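Undergrad: coords25.txt (compact mmCIF, C-alpha atoms and all ligand atoms) pasted underneath:
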```txt
# COMPACT_ATOMS: atom_id res chain seq x y z
CA MET A 238 0.00 0.00 0.00
CA THR A 239 1.42 3.35 -0.97
CA ILE A 240 -0.92 5.92 0.51
CA ARG A 241 0.25 8.10 3.36
CA ASN A 242 -1.90 10.64 5.14
CA PRO A 243 0.10 13.51 6.64
CA GLY A 244 -2.91 14.50 8.74
CA ILE A 245 -4.02 18.02 9.58
CA ALA A 246 -4.45 20.06 12.76
CA LEU A 247 -7.50 19.03 14.78
CA ASP A 248 -10.40 21.02 13.33
CA PRO A 249 -13.66 20.38 15.24
CA THR A 250 -15.59 22.60 12.81
CA LEU A 251 -15.29 19.73 10.32
CA PHE A 252 -17.27 17.33 12.52
CA GLU A 253 -18.80 18.84 15.67
CA HIS A 254 -22.13 19.73 14.09
CA ALA A 255 -22.30 16.63 11.92
CA GLN A 256 -25.68 14.90 11.87
CA VAL A 257 -26.29 11.34 10.77
CA ASN A 258 -29.75 10.47 9.50
CA THR A 259 -29.89 6.98 10.99
CA PRO A 260 -33.08 5.76 9.26
CA ALA A 261 -31.71 6.92 5.89
CA ALA A 262 -28.36 5.20 6.57
CA LEU A 263 -30.18 1.98 7.50
CA ARG A 264 -32.33 2.17 4.36
CA ARG A 265 -29.31 2.76 2.14
CA ALA A 266 -27.46 -0.16 3.75
CA GLU A 267 -30.53 -2.37 3.37
CA SER A 268 -30.77 -1.53 -0.32
CA LEU A 269 -27.16 -2.66 -0.81
CA SER A 270 -27.92 -6.09 0.55
CA THR A 271 -31.27 -6.64 -1.13
CA ARG A 272 -30.88 -5.43 -4.69
CA ARG A 273 -28.69 -7.10 -7.29
CA ALA A 274 -26.27 -4.28 -8.10
CA LEU A 275 -23.84 -6.41 -10.01
CA LYS A 276 -24.45 -8.17 -13.29
CA GLN A 277 -23.80 -11.92 -13.14
CA GLN A 278 -21.01 -11.80 -15.73
CA TRP A 279 -18.98 -9.33 -13.62
CA GLN A 280 -19.24 -11.26 -10.39
CA ALA A 281 -16.17 -13.43 -10.91
CA ALA A 282 -14.02 -10.40 -11.73
CA TRP A 283 -15.27 -8.62 -8.62
CA LEU A 284 -14.62 -11.66 -6.46
CA VAL A 285 -11.04 -11.78 -7.72
CA LYS A 286 -10.82 -8.09 -6.81
CA ALA A 287 -12.20 -8.78 -3.33
CA MET A 288 -9.61 -11.53 -2.87
CA ALA A 289 -6.80 -9.09 -3.68
CA CYS A 290 -8.12 -6.72 -1.00
CA ILE A 291 -8.20 -9.25 1.84
CA ASP A 292 -6.03 -8.80 4.92
CA LEU A 293 -5.93 -12.52 5.65
CA THR A 294 -6.14 -12.66 9.41
CA THR A 295 -5.56 -14.90 12.35
CA LEU A 296 -5.96 -13.27 15.75
CA ALA A 297 -6.72 -16.13 18.09
CA GLY A 298 -5.35 -16.99 21.51
CA ASP A 299 -4.24 -20.39 20.23
CA ASP A 300 -2.33 -19.09 17.19
CA THR A 301 0.96 -20.89 16.59
CA PRO A 302 3.84 -20.24 14.17
CA GLN A 303 2.67 -23.34 12.26
CA ARG A 304 -0.85 -21.98 11.84
CA VAL A 305 0.57 -18.65 10.71
CA ALA A 306 2.85 -20.41 8.20
CA ARG A 307 -0.16 -22.29 6.76
CA LEU A 308 -2.12 -19.05 6.50
CA CYS A 309 0.80 -17.42 4.70
CA ALA A 310 0.98 -20.30 2.22
CA LYS A 311 -2.69 -19.62 1.47
CA ALA A 312 -1.99 -15.88 1.19
CA ARG A 313 0.59 -16.58 -1.52
CA ASN A 314 -1.79 -18.83 -3.48
CA PRO A 315 -5.34 -17.96 -2.44
CA LEU A 316 -6.86 -19.68 -5.45
CA ARG A 317 -6.37 -23.29 -6.62
CA ARG A 318 -4.11 -23.57 -9.67
CA ASP A 319 -6.83 -25.06 -11.92
CA LEU A 320 -9.12 -22.15 -11.03
CA VAL A 321 -6.37 -19.61 -11.73
CA ALA A 322 -6.01 -21.24 -15.16
CA GLY A 323 -9.78 -21.46 -15.66
CA LEU A 324 -10.10 -17.74 -15.03
CA GLY A 325 -7.20 -16.95 -17.38
CA LEU A 326 -5.14 -15.39 -14.58
CA GLU A 327 -1.87 -17.33 -15.01
CA ALA A 328 0.04 -14.20 -16.03
CA ALA A 329 -0.84 -12.45 -12.76
CA PRO A 330 -2.12 -15.02 -10.26
CA PRO A 331 -4.03 -13.39 -7.41
CA LYS A 332 -2.61 -13.00 -3.91
CA VAL A 333 -4.06 -11.32 -0.87
CA ALA A 334 -3.21 -7.77 0.23
CA ALA A 335 -1.57 -8.61 3.58
CA VAL A 336 -1.47 -11.12 6.40
CA CYS A 337 -2.61 -9.75 9.77
CA VAL A 338 -1.40 -11.30 13.04
CA TYR A 339 -0.56 -10.57 16.69
CA PRO A 340 2.90 -9.04 17.33
CA SER A 341 4.42 -12.29 18.59
CA MET A 342 3.45 -14.03 15.33
CA VAL A 343 5.10 -11.40 13.10
CA PRO A 344 8.45 -13.27 12.76
CA ALA A 345 6.70 -16.46 11.60
CA ALA A 346 4.66 -14.49 9.07
CA VAL A 347 7.67 -12.52 7.80
CA ARG A 348 9.59 -15.79 7.31
CA ALA A 349 6.72 -17.48 5.51
CA LEU A 350 6.05 -14.52 3.21
CA GLN A 351 9.64 -13.83 2.25
CA GLY A 352 9.95 -12.93 -1.42
CA SER A 353 6.17 -12.85 -1.95
CA GLY A 354 5.79 -9.06 -1.77
CA ILE A 355 2.91 -9.57 0.68
CA PRO A 356 3.33 -7.30 3.73
CA VAL A 357 2.78 -8.41 7.30
CA ALA A 358 0.31 -6.32 9.28
CA SER A 359 0.46 -6.50 13.06
CA VAL A 360 -2.20 -5.45 15.49
CA ALA A 361 -0.76 -3.37 18.33
CA THR A 362 -1.50 -0.81 21.07
CA GLY A 363 -3.17 -3.27 23.40
CA PHE A 364 -5.40 -4.98 20.84
CA PRO A 365 -8.30 -5.57 21.18
CA ALA A 366 -9.37 -3.41 24.16
CA GLY A 367 -6.67 -0.74 23.97
CA LEU A 368 -6.65 -0.35 27.74
CA THR A 369 -3.02 -1.04 28.59
CA PRO A 370 -0.88 1.97 29.57
CA MET A 371 0.02 4.24 26.66
CA ARG A 372 3.76 3.71 27.03
CA GLU A 373 3.31 -0.03 26.53
CA ARG A 374 0.86 0.45 23.69
CA LEU A 375 3.42 2.54 21.83
CA ALA A 376 6.25 0.13 22.67
CA GLU A 377 4.20 -2.62 21.05
CA ILE A 378 4.31 -0.69 17.77
CA ASP A 379 8.13 -0.49 18.03
CA HIS A 380 8.28 -4.22 18.73
CA ALA A 381 6.12 -5.21 15.75
CA LEU A 382 8.07 -2.95 13.41
CA GLY A 383 11.36 -4.32 14.74
CA GLU A 384 10.15 -7.84 13.88
CA GLY A 385 9.40 -6.81 10.31
CA ALA A 386 5.75 -5.71 10.24
CA ARG A 387 5.12 -3.16 7.49
CA GLU A 388 1.58 -2.25 8.52
CA ILE A 389 0.24 -1.59 12.00
CA ASP A 390 -3.43 -1.89 13.02
CA VAL A 391 -3.89 0.24 16.15
CA VAL A 392 -6.93 0.36 18.42
CA ILE A 393 -8.34 3.57 19.85
CA THR A 394 -9.39 4.27 23.43
CA ARG A 395 -13.16 3.97 23.14
CA SER A 396 -13.81 6.17 26.18
CA HIS A 397 -12.28 9.15 24.36
CA ALA A 398 -14.98 8.87 21.70
CA LEU A 399 -17.78 7.97 24.13
CA GLY A 400 -16.92 11.00 26.29
CA GLN A 401 -16.50 13.31 23.27
CA HIS A 402 -12.86 13.89 24.26
CA TRP A 403 -11.78 14.56 20.69
CA GLY A 404 -8.54 16.32 21.64
CA ALA A 405 -7.45 13.27 23.62
CA LEU A 406 -8.33 10.92 20.77
CA TYR A 407 -6.48 13.13 18.30
CA GLU A 408 -3.33 13.19 20.47
CA GLU A 409 -3.44 9.45 20.99
CA VAL A 410 -3.75 8.59 17.30
CA GLN A 411 -1.15 11.21 16.41
CA ALA A 412 1.34 9.65 18.86
CA MET A 413 0.68 6.22 17.35
CA ARG A 414 1.10 7.63 13.85
CA ALA A 415 4.46 9.11 14.83
CA ARG A 416 5.66 5.74 16.19
CA CYS A 417 4.60 3.94 13.00
CA GLY A 418 7.14 5.96 10.99
CA ALA A 419 7.11 4.79 7.37
CA ALA A 420 4.72 1.93 8.11
CA GLN A 421 1.14 2.23 7.06
CA MET A 422 -1.22 2.76 10.01
CA LYS A 423 -4.81 1.54 10.20
CA ALA A 424 -6.89 2.96 13.05
CA ILE A 425 -9.44 0.50 14.43
CA LEU A 426 -12.42 2.46 15.76
CA ALA A 427 -14.23 -0.54 17.29
CA THR A 428 -17.49 0.93 16.04
CA GLY A 429 -19.59 -1.70 17.82
CA ASP A 430 -18.53 -0.01 21.07
CA LEU A 431 -19.19 3.59 19.99
CA LYS A 432 -22.98 3.62 20.58
CA THR A 433 -24.04 6.06 17.83
CA LEU A 434 -23.38 6.59 14.14
CA ARG A 435 -22.55 10.22 14.99
CA ASN A 436 -19.73 9.03 17.22
CA VAL A 437 -18.55 6.78 14.39
CA TYR A 438 -18.47 9.75 12.02
CA LYS A 439 -16.64 11.99 14.50
CA ALA A 440 -14.10 9.33 15.51
CA SER A 441 -13.45 8.65 11.80
CA MET A 442 -12.76 12.34 11.14
CA VAL A 443 -10.50 12.72 14.19
CA ALA A 444 -8.49 9.58 13.34
CA MET A 445 -7.95 10.85 9.79
CA MET A 446 -6.97 14.33 10.99
CA ALA A 447 -4.43 12.67 13.31
CA GLY A 448 -2.84 10.85 10.37
CA ALA A 449 -4.49 7.42 10.04
CA ASP A 450 -3.83 6.01 6.55
CA VAL A 451 -6.81 3.69 6.81
CA ILE A 452 -9.82 3.66 9.12
CA LYS A 453 -10.99 0.22 10.15
CA THR A 454 -14.35 -0.70 11.62
CA SER A 455 -13.63 -3.36 14.21
CA THR A 456 -11.22 -5.69 15.94
CA GLY A 457 -13.42 -8.71 15.19
CA LYS A 458 -13.81 -9.10 18.97
CA GLU A 459 -16.66 -6.64 19.63
CA GLU A 460 -20.20 -7.92 19.98
CA VAL A 461 -21.07 -6.17 16.70
CA ASN A 462 -18.31 -5.91 14.11
CA ALA A 463 -18.38 -4.68 10.49
CA THR A 464 -21.86 -3.61 9.36
CA LEU A 465 -23.00 -1.83 6.22
CA PRO A 466 -24.61 1.19 8.01
CA VAL A 467 -21.41 1.87 9.97
CA SER A 468 -19.35 1.40 6.81
CA LEU A 469 -21.58 3.85 4.95
CA VAL A 470 -20.98 6.49 7.62
CA MET A 471 -17.22 5.87 7.56
CA CYS A 472 -17.19 6.14 3.76
CA ARG A 473 -19.03 9.48 3.98
CA ALA A 474 -16.39 10.67 6.48
CA ILE A 475 -13.63 9.58 4.07
CA ARG A 476 -15.37 11.53 1.32
CA ASP A 477 -15.73 14.64 3.50
CA TYR A 478 -12.09 14.43 4.60
CA ARG A 479 -10.96 14.12 1.00
CA ASP A 480 -13.12 17.11 0.00
CA ALA A 481 -11.64 19.17 2.87
CA THR A 482 -7.98 18.15 2.48
CA GLY A 483 -7.43 16.40 -0.87
CA TYR A 484 -6.13 13.24 0.90
CA ALA A 485 -7.55 9.83 -0.02
CA ILE A 486 -7.87 7.60 3.06
CA GLY A 487 -8.36 3.85 2.94
CA PHE A 488 -11.17 1.83 4.48
CA LYS A 489 -11.06 -1.58 6.15
CA PRO A 490 -14.24 -3.35 7.20
CA ALA A 491 -13.29 -6.22 9.50
CA GLY A 492 -14.97 -8.84 11.62
CA GLY A 493 -17.72 -11.22 10.62
CA ILE A 494 -17.32 -10.87 6.83
CA ARG A 495 -17.51 -14.49 5.79
CA SER A 496 -19.40 -14.89 2.51
CA ALA A 497 -18.61 -13.91 -1.07
CA ARG A 498 -22.01 -12.20 -1.08
CA ASP A 499 -20.95 -10.02 1.88
CA ALA A 500 -17.75 -9.09 0.07
CA LEU A 501 -19.72 -8.01 -3.00
CA HIS A 502 -21.96 -5.78 -0.84
CA TRP A 503 -18.89 -4.01 0.50
CA LEU A 504 -17.37 -3.62 -2.95
CA THR A 505 -20.64 -2.15 -4.23
CA LEU A 506 -20.70 0.28 -1.30
CA MET A 507 -17.14 1.43 -2.02
CA ASN A 508 -17.82 1.79 -5.74
CA GLU A 509 -21.00 3.80 -5.23
CA GLU A 510 -19.82 5.99 -2.34
CA LEU A 511 -16.14 6.58 -3.16
CA GLY A 512 -15.50 5.34 -6.71
CA ARG A 513 -13.31 2.79 -8.48
CA ASP A 514 -10.09 3.86 -6.73
CA TRP A 515 -11.52 2.34 -3.54
CA LEU A 516 -11.77 -1.11 -5.14
CA GLU A 517 -8.01 -1.62 -4.97
CA PRO A 518 -5.86 -2.79 -2.04
CA ASP A 519 -4.29 0.69 -1.81
CA LEU A 520 -7.58 2.03 -0.51
CA LEU A 521 -9.66 -1.00 0.46
CA ARG A 522 -8.79 -3.86 2.78
CA ILE A 523 -11.21 -6.47 3.98
CA GLY A 524 -10.12 -7.91 7.32
CA ALA A 525 -11.25 -11.51 7.40
CA SER A 526 -10.18 -14.89 8.69
CA ALA A 527 -12.73 -17.07 6.91
CA LEU A 528 -13.90 -15.22 3.78
CA LEU A 529 -11.42 -16.66 1.33
CA GLY A 530 -12.93 -20.14 1.34
CA ASP A 531 -16.34 -18.98 0.18
CA ILE A 532 -14.87 -16.72 -2.51
CA GLU A 533 -12.87 -19.68 -3.79
CA ARG A 534 -15.99 -21.85 -3.84
CA GLN A 535 -17.93 -19.26 -5.81
CA LEU A 536 -15.09 -18.93 -8.30
CA GLU A 537 -14.97 -22.71 -8.59
CA HIS A 538 -18.65 -22.65 -9.47
CA HIS A 539 -18.00 -19.94 -12.04
CA VAL A 540 -15.24 -21.99 -13.68
CA THR A 541 -16.63 -25.53 -13.39
CA GLY A 542 -20.37 -25.08 -12.86
CA ARG A 543 -20.06 -27.07 -9.61
CA TYR A 544 -19.57 -26.24 -5.95
CA GLY A 545 -16.77 -28.10 -4.18
CA ALA A 546 -16.93 -28.70 -0.44
CA LEU A 547 -14.97 -26.26 1.71
CA HIS A 548 -12.53 -28.99 2.74
CA GLN A 549 -11.50 -29.43 -0.91
CA HIS A 550 -9.83 -26.01 -0.78
CA ALA A 551 -6.38 -25.97 0.79
CA MET A 552 -7.29 -23.83 3.79
CA VAL A 553 -9.79 -21.08 4.50
O1 LIG B 601 -9.22 -7.75 11.49
C1 LIG B 601 -9.79 -8.77 11.22
C2 LIG B 601 -10.75 -9.47 12.07
O2 LIG B 601 -10.23 -9.70 13.35
C3 LIG B 601 -11.19 -10.75 11.44
O3 LIG B 601 -12.41 -11.12 11.96
P1 LIG B 601 -13.15 -12.47 11.51
O4 LIG B 601 -12.37 -13.58 12.17
O5 LIG B 601 -14.53 -12.34 12.02
O6 LIG B 601 -13.06 -12.57 10.02
```
Here is a file; write its structure as C-alpha cells.

TA:
Amino acid sequence: MTIRNPGIALDPTLFEHAQVNTPAALRRAESLSTRRALKQQWQAAWLVKAMACIDLTTLAGDDTPQRVARLCAKARNPLRRDLVAGLGLEAAPPKVAAVCVYPSMVPAAVRALQGSGIPVASVATGFPAGLTPMRERLAEIDHALGEGAREIDVVITRSHALGQHWGALYEEVQAMRARCGAAQMKAILATGDLKTLRNVYKASMVAMMAGADVIKTSTGKEEVNATLPVSLVMCRAIRDYRDATGYAIGFKPAGGIRSARDALHWLTLMNEELGRDWLEPDLLRIGASALLGDIERQLEHHVTGRYGALHQHAMV
C-alpha cells in the first residue's frame, strides 16, 4: 500500500455539528444487501478483486507459528491452480493484500512470506481493548516494526470517543502515527462499542486528521463488528475528509465478513460511495479470517459449474 496521510491540525468545525440520519443510513445499507447491483457476468471479476483486498487474518489466543505459516501459504496462493487457469489469470495469479497477526506471530509471518511481496500487518497498542498503559501500547508498535511488520493496526481508546474527548483521541492517534514511521497505520475504531453513528463519524474524522492512513471498523472481537450502516458512515467521512484536504484515506471493514455475497456488498458500497479507486488494495482492505474459502468456492462454481466442499480447498 502506498498511501500516506500527513494528517491536519485538529479542526472540530469539520465534525462537531455533523448529523447522521440513521433511518436513511439503514435504508441505504438495506438496499445494498437486497438489490442485485452487479451483473452476473462481472461477479467473478469482482470476487477476484475482493480476494486481492483481503487482509488474511488470524488473531486467536491459540495461534501458533505453524498456523501462521499455513495461513501465509494460502496468502501466496489464495486460489487453486486449476481455477487460476480457468479464469485466465496465469500471467498475474491473485494473492491477498496482507497477512494480519498478533505481534508475537510477526516473525513467523515474515519468514513465511519472504519474497512474496505480501506485507505483514500486526495489530498493536493493546489490541483488542486498547486499555493497557500508553507507554506499553506505543512500545508494542516499536516491537512489531522491529520484527518486520510493514503495517500496524492500532486500536483507539473507546472512552475518548464515548466522552467526546476529541482532543485526547487526536493526540493518541497522532502519537501512534508518529511511532509507525514509514509503516502504514490503520486505526481501528471498534465501532460496535461507539454507541451512535454520529460518534462513528466523529471518531473517523478525528483519526484521519491525526494521520491514520486507513480507518478500520472493528477488531473482530466486539459484539457487533463490520456492518453496512457503519461502513456507509465511515465512507461518507472519508469523502468529507478528501473534499476538505485532498487526501484519499483507505477503508477496512473487519470482523464477521464471511461470505462472497458479503464481500460483493462491500465492494458495491465502495464503488458507489467513493468510486473505483476504492476497489483496490491501496484504498480497500477487507479484514477476514474465513472469507477466502467462500470466494474460492464461488469462483470454482464460475469456472466448473459445480460447488466443491470447503474442505476441498487448501485452507480457509
Ligand atoms: O481484522 C480482522 C478481524 O479480526 C477478522 O475477523 P473475523 O475472524 O470475524 O473474520

Undergrad: Determine the nearest neighbour of ligand LIG 601 (chain B) from the options A:Leu320, A:Leu406, A:Leu529, A:Ala310, counting all atoms listed in the file.

TA: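 Ranking A:Leu320, A:Leu406, A:Leu529, A:Ala310 by distance to ligand LIG 601 (chain B), first place goes to A:Leu529.
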
Undergrad: At a cut-off of 9 Å, using all atoms listed in the file, what residues contact Pro330 of chain A? Leave out same-chain residues fewer than 4 positions from it and give the result as an MDAnalysis selection string.

TA: chainID A and resid 314:316 318 321:322 325:326

Undergrad: Once 4 Å is added on each side, what are the centre and the three edge lengths, in Å to one decimal, of the axis-aligned box enclosing the listed atoms of ligand LIG 601 (chain B)? Present them as AutoDock Vina command-line options.

TA:
```
--center_x -11.9 --center_y -10.7 --center_z 11.7 --size_x 13.3 --size_y 13.8 --size_z 11.3
```

Undergrad: As a quick test: using all atoms listed in the file, which residues lie no more than 6 Å away from ligand LIG 601 (chain B)? Give them as JSON, numbers by chain.

TA: {"A": [294, 456, 457, 491, 492, 493, 494, 524, 525, 526, 527]}

Undergrad: Restricting the calculation to only C-alpha atoms, which member of A:Leu516, A:Cys417, A:Ile393, A:Ala266 is positioned closest to His380 of chain A?

TA: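 Closest residue, counting only C-alpha atoms: A:Cys417.
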
Undergrad: Choose the residue, out of A:Val360, A:Ala427, A:Ala282, A:Ala497, that has the smallest atom-to-atom separation from Ala297 of chain A; count all atoms listed in the file.

TA: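 Closest to Ala297 of chain A of all the choices is A:Val360.
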
Undergrad: Output requested as a CSV table (one decimal), in the coordinates of the input - segment 364-399 of chain A, filled out with N, CA and C atoms.

TA:
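Writing done, so here's out-v8.csv:
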```csv
chain,number,residue,atom,x,y,z
A,364,PHE,N,-4.3,-4.3,21.5
A,364,PHE,CA,-5.4,-5.0,20.8
A,364,PHE,C,-5.9,-6.1,21.7
A,365,PRO,N,-7.2,-6.3,21.8
A,365,PRO,CA,-8.3,-5.6,21.2
A,365,PRO,C,-8.9,-4.4,22.0
A,366,ALA,N,-8.7,-4.4,23.3
A,366,ALA,CA,-9.4,-3.4,24.2
A,366,ALA,C,-8.7,-2.0,24.2
A,367,GLY,N,-7.4,-2.0,24.0
A,367,GLY,CA,-6.7,-0.7,24.0
A,367,GLY,C,-6.6,-0.1,25.3
A,368,LEU,N,-6.6,-0.9,26.4
A,368,LEU,CA,-6.6,-0.4,27.7
A,368,LEU,C,-5.4,-0.6,28.5
A,369,THR,N,-4.3,-1.0,27.9
A,369,THR,CA,-3.0,-1.0,28.6
A,369,THR,C,-2.4,0.4,28.6
A,370,PRO,N,-1.4,0.6,29.5
A,370,PRO,CA,-0.9,2.0,29.6
A,370,PRO,C,-0.3,2.4,28.2
A,371,MET,N,-0.4,3.7,28.0
A,371,MET,CA,0.0,4.2,26.7
A,371,MET,C,1.5,3.9,26.3
A,372,ARG,N,2.3,4.0,27.3
A,372,ARG,CA,3.8,3.7,27.0
A,372,ARG,C,3.9,2.3,26.5
A,373,GLU,N,3.2,1.4,27.0
A,373,GLU,CA,3.3,0.0,26.5
A,373,GLU,C,2.6,-0.2,25.2
A,374,ARG,N,1.6,0.5,25.0
A,374,ARG,CA,0.9,0.4,23.7
A,374,ARG,C,1.8,0.9,22.6
A,375,LEU,N,2.5,2.0,22.9
A,375,LEU,CA,3.4,2.5,21.8
A,375,LEU,C,4.6,1.6,21.6
A,376,ALA,N,5.1,1.0,22.8
A,376,ALA,CA,6.2,0.1,22.7
A,376,ALA,C,5.9,-1.1,21.8
A,377,GLU,N,4.6,-1.5,21.8
A,377,GLU,CA,4.2,-2.6,21.0
A,377,GLU,C,4.3,-2.3,19.5
A,378,ILE,N,4.1,-1.1,19.2
A,378,ILE,CA,4.3,-0.7,17.8
A,378,ILE,C,5.8,-0.9,17.4
A,379,ASP,N,6.7,-0.4,18.3
A,379,ASP,CA,8.1,-0.5,18.0
A,379,ASP,C,8.5,-2.0,17.9
A,380,HIS,N,7.9,-2.8,18.8
A,380,HIS,CA,8.3,-4.2,18.7
A,380,HIS,C,7.9,-4.8,17.4
A,381,ALA,N,6.6,-4.6,17.0
A,381,ALA,CA,6.1,-5.2,15.8
A,381,ALA,C,6.9,-4.7,14.5
A,382,LEU,N,7.3,-3.5,14.5
A,382,LEU,CA,8.1,-3.0,13.4
A,382,LEU,C,9.5,-3.6,13.4
A,383,GLY,N,10.0,-3.7,14.6
A,383,GLY,CA,11.4,-4.3,14.7
A,383,GLY,C,11.4,-5.8,14.2
A,384,GLU,N,10.2,-6.4,14.3
A,384,GLU,CA,10.2,-7.8,13.9
A,384,GLU,C,9.9,-7.9,12.4
A,385,GLY,N,9.6,-6.8,11.8
A,385,GLY,CA,9.4,-6.8,10.3
A,385,GLY,C,8.0,-6.5,9.8
A,386,ALA,N,7.1,-6.1,10.7
A,386,ALA,CA,5.8,-5.7,10.2
A,386,ALA,C,5.9,-4.4,9.4
A,387,ARG,N,5.1,-4.4,8.3
A,387,ARG,CA,5.1,-3.2,7.5
A,387,ARG,C,3.8,-2.4,7.6
A,388,GLU,N,2.8,-2.9,8.3
A,388,GLU,CA,1.6,-2.2,8.5
A,388,GLU,C,1.2,-2.5,10.0
A,389,ILE,N,0.6,-1.5,10.6
A,389,ILE,CA,0.2,-1.6,12.0
A,389,ILE,C,-1.2,-1.2,12.1
A,390,ASP,N,-2.0,-2.1,12.8
A,390,ASP,CA,-3.4,-1.9,13.0
A,390,ASP,C,-3.6,-1.5,14.5
A,391,VAL,N,-3.8,-0.2,14.8
A,391,VAL,CA,-3.9,0.2,16.2
A,391,VAL,C,-5.3,0.3,16.6
A,392,VAL,N,-5.6,0.2,17.9
A,392,VAL,CA,-6.9,0.4,18.4
A,392,VAL,C,-7.0,1.7,19.2
A,393,ILE,N,-8.2,2.3,19.1
A,393,ILE,CA,-8.3,3.6,19.8
A,393,ILE,C,-8.9,3.3,21.2
A,394,THR,N,-8.8,4.3,22.1
A,394,THR,CA,-9.4,4.3,23.4
A,394,THR,C,-10.9,4.7,23.2
A,395,ARG,N,-11.7,3.7,23.4
A,395,ARG,CA,-13.2,4.0,23.1
A,395,ARG,C,-13.7,5.1,24.0
A,396,SER,N,-13.2,5.2,25.3
A,396,SER,CA,-13.8,6.2,26.2
A,396,SER,C,-13.6,7.6,25.7
A,397,HIS,N,-12.5,7.8,24.9
A,397,HIS,CA,-12.3,9.2,24.4
A,397,HIS,C,-13.5,9.5,23.4
A,398,ALA,N,-13.9,8.6,22.6
A,398,ALA,CA,-15.0,8.9,21.7
A,398,ALA,C,-16.3,8.9,22.5
A,399,LEU,N,-16.5,8.0,23.4
A,399,LEU,CA,-17.8,8.0,24.1
A,399,LEU,C,-18.0,9.2,25.0
```
